Amino acid sequence: MRIDYTIRTRVAFSFVRPFLATSVLALAVTGCAQKSDEPTQQDYNDVASSVGALVAGGGGELASIEDSVGTATGEIPFGFSSNGSGQIEGTRGGMSFLYEVACTDADGVTMAACDSTTDSASLLVEWSGNYEGDFWQFEISRTGEWSVSGLQDDVAVFSGEGTFDVSSASQSLDGQRSRSFELSYAGSYDISWDIAAQRVIEGAISYDVHAERHVDGEAADADAVFDIDAEITFDGTGTARLVLDGSHSYNLDLTTGTVAGR
């Protein structure tokens with residue numbers, strides 16, 4: 001059976017988009033978990049939707065990679081500003097972004113300022129923001145380090161690590177149930193980026209996801225804690241394959257952030 005999880009574009013304080021009411025991802029701070037549980041199919045679907053929102057859909061990881069290429073080559077993203085010491089900051093959709101970048105030229109010499117001659121760069125990347133909608137609330141913080149090389153070539157290569165802390169809560173349309181999560185992501189990156197086309201053409205992102213689920217009201221699920229391995233593989237077609245725990249597969253639309261069960 002095909003399952004679609006739509007991530008919409010109305011966002012006030014975050015790039016993450018609300019999902020269909022029947023498969024809303026709900027993430028919120030819960031109490032300390034006491035034991036490890038097996039994730040349900042609903043948990044897998046919710047985590048898949050969360051990953052799709054974090055990676056794609058006009059914000060998130062891929063937009064941040066595009067920002068990083070721009071800042072490394074001396075192009076400040078629209079609406080952002082530089083303080084003259086390698087830090088670029090700004091807001092997008094209510095999210096706050098901070099990039100701290102150091103660049104080297106083709107000879108490996110550290111540059112006083114990044115410009116069009118940059119060959120490689122290292123970046124500290126930070127995001128933070130929150131969103132409150134009619135049926136769910138969301139908050140995220142991210143930090144990590146990337147390195148990018150090959151900026152004088154057609155394809156740049158990204159590698160590095162990053163962490164996310166995501167919390168949110170949602171309520172059912174009838175007001176009888178709430179389902180919430182606290183998620184922690186540890187990510188690693190190996191991505192090839194087409195500079196002219198401004199898109200990822202191959203590579204992978206891996207996330208170790210730690211989740212705490214809390215349910216209030218009339219619901220089949222109970223409180224639980226579990227870990228999920230997420231692997232995203234890119235092939236340059238505008239979609240990616242997302243696999244959770246090696247067996248739960250989804251198609252990820254890199255334009256909208258939508259995930260669909262395979």
# chains A, B, ... in the order shown; residues from 1 in each chain; ligands from 1
call {"tool": "select_by_dssp", "arguments": {"residues": "region 114-217 of chain A", "states": "strand (DSSP E or B)", "output": "PyMOL selection string"}}
result
chain A and resi 120-132+136-149+155-171+177-194+199-217
call {"tool": "atom_distance", "arguments": {"atom1": "CA of Ser178 (chain A)", "atom2": "CA of Ala222 (chain A)"}}
result
11.1 Å
call {"tool": "residues_around", "arguments": {"residues": "region 139-153 of chain A", "least_positions_apart": "6", "cutoff": "9 Å", "atoms": "only C-alpha atoms", "output": "PyMOL selection string"}}
result
chain A and resi 13-14+27-28+68-69+72-73+106+116-132+159-168+187+189+195
call {"tool": "closest_residue", "arguments": {"among": "A:Gln198, A:Thr237, A:Ser81, A:Ser50", "to": "Phe97 (chain A)", "atoms": "only C-alpha atoms"}}
result
A:Ser81
call {"tool": "closest_atom_pairs", "arguments": {"of": "region 139-214 of chain A", "to": "region 242-247 of chain A", "cutoff": "12 Å", "atoms": "only C-alpha atoms", "output": "CSV"}}
result
residue,atom,partner,partner_atom,distance
A:Ala204,CA,A:Leu242,CA,9.8
A:Ile205,CA,A:Leu242,CA,9.5
A:Ser206,CA,A:Leu242,CA,9.7
A:Tyr207,CA,A:Leu244,CA,9.5
A:Asp208,CA,A:Asp245,CA,9.8
A:Val209,CA,A:Leu244,CA,9.8
call {"tool": "atom_distance", "arguments": {"atom1": "CA of Gly52 (chain A)", "atom2": "CA of Leu254 (chain A)"}}
result
8.0 Å
call {"tool": "atom_distance", "arguments": {"atom1": "CA of Ala53 (chain A)", "atom2": "CA of Arg213 (chain A)"}}
result
18.6 Å
call {"tool": "closest_residue", "arguments": {"among": "A:Glu66, A:Glu182, A:Asp105, A:Asp227", "to": "His210 (chain A)", "atoms": "only C-alpha atoms"}}
result
A:Asp227
call {"tool": "closest_residue", "arguments": {"among": "A:Tyr250, A:Trp193, A:Tyr44, A:Phe226", "to": "Val155 (chain A)", "atoms": "only C-alpha atoms"}}
result
A:Trp193
call {"tool": "decode", "arguments": {"residues": "region 71-118 of chain A", "atoms": "N, CA and C atoms", "output": "short mmCIF file (atom, residue, chain, number, x, y, z; two decimals), in the first residue's frame"}}
result
data_model
loop_
_atom_site.label_atom_id
_atom_site.label_comp_id
_atom_site.auth_asym_id
_atom_site.auth_seq_id
_atom_site.Cartn_x
_atom_site.Cartn_y
_atom_site.Cartn_z
N THR A 71 28.37 31.42 0.47
CA THR A 71 29.23 32.14 1.41
C THR A 71 30.70 31.83 1.18
N ALA A 72 31.01 30.58 0.81
CA ALA A 72 32.40 30.20 0.57
C ALA A 72 32.98 30.88 -0.66
N THR A 73 32.14 31.25 -1.61
CA THR A 73 32.62 31.90 -2.83
C THR A 73 32.34 33.41 -2.82
N GLY A 74 32.02 33.95 -1.65
CA GLY A 74 31.87 35.38 -1.51
C GLY A 74 30.51 35.94 -1.85
N GLU A 75 29.50 35.07 -2.02
CA GLU A 75 28.15 35.53 -2.34
C GLU A 75 27.26 35.37 -1.10
N ILE A 76 26.85 36.47 -0.53
CA ILE A 76 26.04 36.43 0.69
C ILE A 76 24.60 36.12 0.31
N PRO A 77 23.97 35.11 0.93
CA PRO A 77 22.57 34.81 0.63
C PRO A 77 21.67 36.03 0.82
N PHE A 78 20.62 36.10 0.03
CA PHE A 78 19.69 37.23 0.10
C PHE A 78 19.13 37.38 1.50
N GLY A 79 19.16 38.60 2.01
CA GLY A 79 18.63 38.87 3.34
C GLY A 79 19.60 38.59 4.47
N PHE A 80 20.81 38.07 4.14
CA PHE A 80 21.83 37.79 5.14
C PHE A 80 22.87 38.92 5.14
N SER A 81 23.71 38.95 6.15
CA SER A 81 24.76 39.96 6.22
C SER A 81 26.02 39.35 6.79
N SER A 82 27.16 39.97 6.46
CA SER A 82 28.46 39.52 6.96
C SER A 82 29.00 40.55 7.94
N ASN A 83 29.63 40.05 9.01
CA ASN A 83 30.22 40.98 9.97
C ASN A 83 31.68 41.29 9.65
N GLY A 84 32.17 40.75 8.51
CA GLY A 84 33.53 41.04 8.08
C GLY A 84 34.59 40.15 8.67
N SER A 85 34.22 39.22 9.54
CA SER A 85 35.20 38.33 10.16
C SER A 85 34.89 36.86 9.89
N GLY A 86 34.23 36.61 8.77
CA GLY A 86 33.93 35.24 8.39
C GLY A 86 32.61 34.72 8.88
N GLN A 87 31.82 35.55 9.55
CA GLN A 87 30.51 35.13 10.03
C GLN A 87 29.41 35.76 9.17
N ILE A 88 28.49 34.92 8.70
CA ILE A 88 27.34 35.37 7.92
C ILE A 88 26.10 34.92 8.65
N GLU A 89 25.16 35.83 8.85
CA GLU A 89 23.96 35.48 9.59
C GLU A 89 22.75 36.15 8.99
N GLY A 90 21.59 35.54 9.27
CA GLY A 90 20.34 36.10 8.77
C GLY A 90 19.19 35.21 9.16
N THR A 91 18.01 35.54 8.66
CA THR A 91 16.81 34.76 8.94
C THR A 91 16.13 34.39 7.64
N ARG A 92 15.44 33.27 7.67
CA ARG A 92 14.65 32.81 6.53
C ARG A 92 13.45 32.08 7.10
N GLY A 93 12.24 32.57 6.76
CA GLY A 93 11.03 31.93 7.29
C GLY A 93 10.97 31.94 8.80
N GLY A 94 11.62 32.92 9.43
CA GLY A 94 11.61 32.98 10.88
C GLY A 94 12.74 32.21 11.54
N MET A 95 13.42 31.34 10.78
CA MET A 95 14.57 30.61 11.32
C MET A 95 15.79 31.51 11.32
N SER A 96 16.60 31.40 12.36
CA SER A 96 17.86 32.12 12.44
C SER A 96 19.00 31.21 11.98
N PHE A 97 19.87 31.74 11.13
CA PHE A 97 21.00 30.98 10.59
C PHE A 97 22.30 31.72 10.90
N LEU A 98 23.34 30.96 11.18
CA LEU A 98 24.67 31.50 11.36
C LEU A 98 25.67 30.58 10.66
N TYR A 99 26.47 31.16 9.77
CA TYR A 99 27.55 30.44 9.11
C TYR A 99 28.87 31.11 9.46
N GLU A 100 29.80 30.33 9.92
CA GLU A 100 31.15 30.82 10.15
C GLU A 100 32.07 30.08 9.20
N VAL A 101 32.73 30.79 8.30
CA VAL A 101 33.43 30.15 7.19
C VAL A 101 34.88 30.60 7.14
N ALA A 102 35.77 29.64 6.83
CA ALA A 102 37.18 29.91 6.58
C ALA A 102 37.55 29.27 5.25
N CYS A 103 38.22 30.02 4.38
CA CYS A 103 38.43 29.57 3.00
C CYS A 103 39.92 29.47 2.68
N THR A 104 40.23 28.58 1.73
CA THR A 104 41.59 28.44 1.20
C THR A 104 41.53 28.46 -0.31
N ASP A 105 42.63 28.90 -0.94
CA ASP A 105 42.68 28.93 -2.40
C ASP A 105 43.21 27.62 -2.94
N ALA A 106 43.43 27.56 -4.25
CA ALA A 106 43.84 26.31 -4.90
C ALA A 106 45.22 25.83 -4.44
N ASP A 107 46.02 26.74 -3.87
CA ASP A 107 47.34 26.37 -3.36
C ASP A 107 47.31 25.99 -1.88
N GLY A 108 46.11 25.99 -1.30
CA GLY A 108 45.98 25.64 0.10
C GLY A 108 46.28 26.77 1.06
N VAL A 109 46.37 28.00 0.53
CA VAL A 109 46.67 29.16 1.36
C VAL A 109 45.39 29.73 1.95
N THR A 110 45.40 30.00 3.25
CA THR A 110 44.24 30.58 3.90
C THR A 110 43.97 31.98 3.37
N MET A 111 42.73 32.26 3.04
CA MET A 111 42.35 33.53 2.44
C MET A 111 41.87 34.50 3.50
N ALA A 112 42.17 35.77 3.33
CA ALA A 112 41.70 36.78 4.26
C ALA A 112 40.19 36.93 4.19
N ALA A 113 39.64 36.74 2.99
CA ALA A 113 38.18 36.79 2.79
C ALA A 113 37.82 35.82 1.68
N CYS A 114 36.69 35.19 1.81
CA CYS A 114 36.24 34.24 0.80
C CYS A 114 35.76 35.01 -0.44
N ASP A 115 36.13 34.51 -1.62
CA ASP A 115 35.67 35.14 -2.85
C ASP A 115 35.58 34.08 -3.94
N SER A 116 35.47 34.52 -5.18
CA SER A 116 35.25 33.59 -6.30
C SER A 116 36.44 32.68 -6.57
N THR A 117 37.59 32.95 -5.95
CA THR A 117 38.77 32.10 -6.15
C THR A 117 38.88 31.01 -5.09
N THR A 118 37.95 30.95 -4.15
CA THR A 118 37.98 29.91 -3.12
C THR A 118 37.95 28.52 -3.74
#
